[in-house]
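Scroll down for the structure; my scribbles are underneath it.
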Amino acid sequence: MLGKLTPEQLLTREDLAQKAKQYQADNEAISQLSKITDEIKIVQITGLWCPDCIRDTPALIAVLQRAANANIKLEFIGVDRAKKAPNDALADYQFERIPTTIVMLNNQEVGRIVEKAQDSLEQDLFNIIKQAL
């Protein structure tokens, strides 16, 4: 799966759907994410051949599904082993390692998580957003 992808497309893979379902989220961080009123865009650059991506991509989907916040938009860009994607999908993003999760407010990057979250994916996302607002 390469290029711009939706959570629904990714969840057609049984392994990703199962990992999303089993993800043990930090409920307090989920609650905080659910209350955000500003429009946030989160873009994750991922490769479905990468073990860290197989861990974090379904987790990110699960976190945002559980937060159920229409103000937070989620997009994925799938890359190959050379970290390339078709149709200029990566034109707006600089990265070296994957997964790279980019948080944007007003079309400006306000933070990113590279490879692995410091606390939890949901807590790191909330911390980035909170600092930006």
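Residue numbering restarts at 1 for every chain of the structure tokens, chains are lettered A, B, ... in their displayed order, and ligands are numbered from 1 as they appear.
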
Problem - Members of region 18-124 of chain A assigned helix (DSSP H, G or I) by DSSP, as a PyMOL selection string - result: chain A and resi 18-22+27-34+51-67+121-124

Practice task
Pick out each residue of region 78-130 of chain A that DSSP on the backbone tags as strand (DSSP E); I need them as a list in words.
Solution key: Gly78, Thr100, Thr101, Ile102, Val103, Met104, Leu105, Gln108, Glu109, Val110, Gly111, Arg112, Ile113 and Val114 of chain A

Exercise for the section: Please measure the separation of CA of Cys53 (chain A) and CA of Ile36 (chain A), giving the value in Å to one decimal. Expected result: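 Interatomic distance, CA of Cys53 (chain A) to CA of Ile36 (chain A): 25.6 Å.
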
Practice task
Write out as an MDAnalysis selection string the residues lying within 10 Å of Glu96 (chain A), counting only C-alpha atoms and excluding same-chain residues fewer than 2 positions away.
Solution key: chainID A and resid 83 94 98:100 114:115

Completion exercise
Using only C-alpha atoms, the residue out of A:Leu16, A:Leu5, A:Ile102, A:Leu125 with shortest distance to Leu64 (chain A) is A:Leu125

Name all residues at most 12 Å from Glu28 (chain A) (count only C-alpha atoms; drop same-chain ones fewer than 2 positions away) and give them as a short mmCIF file (atom, residue, chain, number, x, y, z; two decimals) with N, CA and C atoms, in the first residue's frame.
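The result, written out as out39.cif:
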data_model
loop_
_atom_site.label_atom_id
_atom_site.label_comp_id
_atom_site.auth_asym_id
_atom_site.auth_seq_id
_atom_site.Cartn_x
_atom_site.Cartn_y
_atom_site.Cartn_z
N ALA A 25 -5.01 1.66 25.05
CA ALA A 25 -4.81 3.12 25.04
C ALA A 25 -4.85 3.71 26.44
N ASP A 26 -4.21 4.85 26.58
CA ASP A 26 -4.25 5.67 27.80
C ASP A 26 -5.56 6.45 27.74
N ILE A 30 -6.76 9.93 25.72
CA ILE A 30 -7.84 9.84 24.73
C ILE A 30 -8.92 10.87 25.06
N SER A 31 -9.27 10.98 26.33
CA SER A 31 -10.27 11.96 26.76
C SER A 31 -9.83 13.38 26.42
N GLN A 32 -8.56 13.68 26.64
CA GLN A 32 -8.05 15.02 26.32
C GLN A 32 -8.09 15.27 24.80
N LEU A 33 -7.72 14.28 24.02
CA LEU A 33 -7.78 14.44 22.56
C LEU A 33 -9.21 14.65 22.08
N SER A 34 -10.15 14.03 22.75
CA SER A 34 -11.55 14.15 22.32
C SER A 34 -12.10 15.56 22.54
N LYS A 35 -11.45 16.36 23.38
CA LYS A 35 -11.94 17.70 23.73
C LYS A 35 -11.33 18.82 22.89
N VAL A 63 -6.31 5.12 18.43
CA VAL A 63 -6.36 6.30 19.29
C VAL A 63 -7.37 7.31 18.75
N ARG A 66 -11.03 6.15 18.90
CA ARG A 66 -11.56 6.22 20.26
C ARG A 66 -11.78 7.66 20.72
N ALA A 67 -10.92 8.56 20.27
CA ALA A 67 -11.11 9.98 20.61
C ALA A 67 -12.35 10.53 19.93
N SER A 120 3.38 7.69 25.48
CA SER A 120 2.51 6.83 24.67
C SER A 120 2.17 7.66 23.44
N GLU A 122 -0.70 8.43 22.18
CA GLU A 122 -1.78 9.37 22.46
C GLU A 122 -1.33 10.51 23.37
N GLN A 123 -0.50 10.21 24.37
CA GLN A 123 -0.03 11.25 25.27
C GLN A 123 0.92 12.21 24.54
N PHE A 126 -1.18 14.48 22.34
CA PHE A 126 -1.84 15.51 23.13
C PHE A 126 -0.84 16.57 23.58
#

Within 8 Å of Glu75 (chain A), counting only C-alpha atoms, which residues show up once you throw out same-chain ones fewer than 6 positions away? Write them as a CSV table (one decimal) with C-alpha atoms, in the first residue's frame, please.
chain,number,residue,atom,x,y,z
A,4,LYS,CA,-2.0,8.6,0.4
A,5,LEU,CA,-4.1,6.2,2.4
A,6,THR,CA,-7.1,6.3,4.7
A,7,PRO,CA,-7.5,4.5,7.9
A,41,LYS,CA,-4.2,17.4,10.8
A,42,ILE,CA,-2.1,14.4,11.6
A,43,VAL,CA,-0.1,12.8,8.8
A,44,GLN,CA,1.8,9.6,9.4

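In this structure, CA of Ala29 (chain A) sits 20.8 Å away from CA of Glu109 (chain A).
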
Exercise for the section: In Å, rounded to a single decimal, give me how far CA of Ile61 (chain A) is from CA of Glu8 (chain A). Expected result: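 Atom-to-atom, CA of Glu8 (chain A) and CA of Ile61 (chain A) are spaced 9.2 Å apart.
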
Practice task
Compare A:Arg13, A:Met104, A:Thr57, A:Asp38 by their minimum atom-to-atom distance to Gly78 (chain A), counting only C-alpha atoms, and give me the closest one.
Solution key: A:Thr57
